[in-house]
Amino acid sequence: MEPNKLDKGPGSGAYPYTYYGNNYGAGYGYGSAGASESAVQRSFQDYILILRERVWYIVVVFLLVFSSAVVYTFTRTKHYMSTASVQVFRRDPVVMQVQGVVDNEIRSAEDLNTQVKVLESFAIVQGVANRLSSNREDLRQLLAPYDKNDDDGATPDPAAIIFRNRKIVPVRLSLIIQVQFTHPDRIIAAKVANYFLDEYIAHNSRLRIEESMKAVDELKERAEQQKTRVAEMALNLQAYREKNNLVSLDQRKDIVTEKLKALSTNVTQTGARLKEAEVRWKQVQERRTPLTALLDLPFVSGQQLIGQLVQQVATQKILIAQLRERYRDKHPKMIEVVNSLAQTEQELNRALNTSAAMIEADYQTAVRNDAEARAALTRQETESLDVDRAAVEYTNLERDLRISEQLLQNTLARMKETSMSSTIETQNARIVDRAAPSRKHHSPNIPLNLALGLLGGLALGTAFAFFVAYIDDRVKSSFDIEGVIGLPLVGIIPEIKRMEQPDKAQIAINHQDKQVAEAFLALHSSLRLKDESKNAQAVLTTSTIPGEGKSFISTNLALTFAAHGERVVIVDCDLRKPNVHKSFRIENLKGVIDICAGSATIEQVVVKDVHPNLDVIPAGGRAKSPTQILNSKGFEVMIADLRKRYDRVFIDTPPLAAVSDALIILPLVDGSIFTIYFNRVRRKAAQFAARRLLEVNVPCFGAVLNGLNLAVSGYYYAQYYDKSYKDYYIKMAKQDPDEPDAR
């Protein structure tokens with residue numbers, strides 16, 4: 001058979017393999033794993049697969065939760081709820097126009113919420129418990145369902161039971177508050193709900209009366225204190241009045257003011273007189289020499305005596321002039337007239353001197369009068385200021401007395417109003433609906449509990465499944481291989497059960513398991529899709545940990561290539577635990593160790609034609625220092641010689657997590673294949689091994705998932721395996737080999 005006729009692509013033959021995810025090598029670098037971790041993201045289908053694989057976890061948790069909900073629902077004691085409603089007034093009813101001591105006005109949502117909290121308070125609960133305690137039968141019915149639940153034999157607290165089972169619900173956008181009480185006895189439930197409303201209204205009334213009486217007592221005490229204070233202030237005011245001679249403050253202020261006005265007027269007048277007298281006195285001083293010059297002053301010449309004397313002098317001078325015409329100067333008449341003139345002039349001079357003295361005296365008098373007037377005005381102003389200062393203090397004392405008296409009157413009036421209003425019964429709320437015994441139990445809510453059990457079971461089951469998936473970090477899905485480890489998935493090998501190792505190692509040609517044989521054909525086709533793997537002559541196979549089937553993959557893949565007409569050799573380079581010779585039932589006496597040591601040649605150790613086109617070079621025993629052998633020049637020469645002799649050289653190496661033998665060989669090959677066993681190796685270990693493999697600048701053709709459990713293959717690899725495929729393999733097995741292919 002020609003090789004090109006047997007080279008079938010993905011999906012050829014009975015194995016419907018298609019590459020998962022990207023094309024081979026897309027998104028993956030042969031020398032780096034950096035991009036591989038973010039190249040593939042977990043999709044919604046991956047989460048569905050997680051749930052499908054762990055569906056029994058979900059079922060078990062669901063059954064536990066749902067059955068618990070059912071048992072709880074149908075074994076719980078039935079409780080009945082009764083509801084009573086009360087309307088809270090926005091403000092208290094107005095019987096008298098008197099301000100209350102307790103402000104119950106509802107102005108905002110906070111005020112309404114305050115009333116709700118009052119209803120919820122333990123004081124109301126205790127009041128309801130006291131009302132029930134007054135009736136022994138009601139108290140017994142309240143406690144009856146809880147007596148049998150008390151393990152220590154103590155009597156349950158009625159207030160605690162009421163507090164636990166009551167619920168206060170304000171009705172939205174209204175001033176109505178609902179009181180709900182739940183109890184196994186529907187009659188008691190209704191009674192307790194009604195008791196809540198009665199106690200709430202009574203509590204508010206008691207509170208108003210208590211606060212009012214307390215306010216009356218406080219106002220009475222304050223009134224007595226205020227009376228004492230008013231009396232003290234009145235005494236202080238009287239003492240101040242007597243001390244400052246303020247018997248009649250207003251009259252004294254009027255007298256002082258009138259005096260101040262008169263003195264001010266007098267000062268003005270004396271000042272004018274002083275100026276006038278000063279002017280006259282200055283004029284007199286200026287004209288005293290000669291003395292007759294004073295006659296030029298009108299206020300001097302206008303005097304009667306001086307005027308008469310001046311006239312006499314003039315008359316006598318005229319007479320002298322007339323007589324001089326008749327008589328001589330020594331004439332007796334002339335002498336008499338001259339003597340009379342001289343006497344008159346003397347009298348005039350004396351009158352002028354007297355007038356000047358009088359003017360000076362008037363000036364001095366004006367000066368004294370003005371000084372005295374001003375001094376009196378100053379004294380009166382000082383007295384006026386003293387009166388004003390005393391009036392200010394007096395006014396303050398008088399004002400404080402009036403305020404204290406008014407405050408005393410207001411306190412007494414408020415005390416009387418409060419005392420009167422406390423005796424008037426008003427309510428800040430009214431009952432809208434009284435509670436009636438309920439015909440239908442409130443709890444348990446069977447539909448709700450079953451729905452919660454159903455949804456809760458599914459939710460907890462799903463959460464538990466994801467939790468199990470989270471803690472289970474073994475490699476299972478293609479996402480684990482491509483998204484976490486960072487290698488493309490090139491092949492999947494189903495799990496083989498109850499088969500000896502040699503048969504497993506040659507299952508690709510013995511056809512004991514058609515699915516596995518077809519899986520290796522698909523792997524062969526995948527490797528021939530790309531030039532790197534198609535033209536690769538030396539291929540290394542390794543794994544993360546022992547037991548992942550790397551030797552199984554190496555032998556069957558080599559047999560598959562050999563069956564397609566290529567000259568193939570398998571080299572067992574696992575010098576620590578050689579395994580290839582067991583797979584083909586051959587001896588392990590000579591092999592790689594001897595070739596590298598130079599004690600044998602390839603022709604001497606190779607086992608030829610183990611199968612058509614397939615030769616095997618065993619390890620030749622176990623080496624004490626395998627790394628020295630693999631690093632030797634002889635090993636490089638051996639690989640180079642094998643490249644000349646064979647089309648394909650498959651090298652089986654130890655696991656990467658255990659030793660570094662594979663990394664030593666890797667630079668001598670064209671590429672590698674990473675074997676991963678399904679649900680065995682952990683993601684971190686496989687990721688670490690894959691990174692070490694990719695750090696060497698040698699292509700990694702991809703990962704082969706070995707040992708896939710077909711029971712769960714549908715969860716992760718439904719696109720690869722299906723029940724219909726199994727039926728197809730059975731038909732193929734029954735088909736006559738000589739029958740022509742019907743495809």
# chains A, B, ... in the order shown; residues from 1 in each chain; ligands from 1
call {"tool": "residues_around", "arguments": {"residues": "A:Gly621", "least_positions_apart": "5", "cutoff": "9 Å", "atoms": "only C-alpha atoms", "output": "PyMOL selection string"}}
result
chain A and resi 575-578+588-593
call {"tool": "select_by_dssp", "arguments": {"residues": "stretch 79-298 of chain A", "states": "helix (DSSP H, G or I)", "output": "MDAnalysis selection string"}}
result
chainID A and resid 109:120 122:133 136:147 158:165 186:243 249:286 291:296 298
call {"tool": "residues_around", "arguments": {"residues": "stretch 363-365 of chain A", "least_positions_apart": "6", "cutoff": "8 Å", "atoms": "only C-alpha atoms", "output": "number ranges by chain"}}
result
A: 274, 277-278, 281
call {"tool": "select_by_dssp", "arguments": {"residues": "stretch 177-208 of chain A", "states": "strand (DSSP E)", "output": "ChimeraX atom specification"}}
result
/A:177-183
call {"tool": "atom_distance", "arguments": {"atom1": "atom CA of A:Leu401", "atom2": "atom CA of A:Arg241"}}
result
13.7 Å
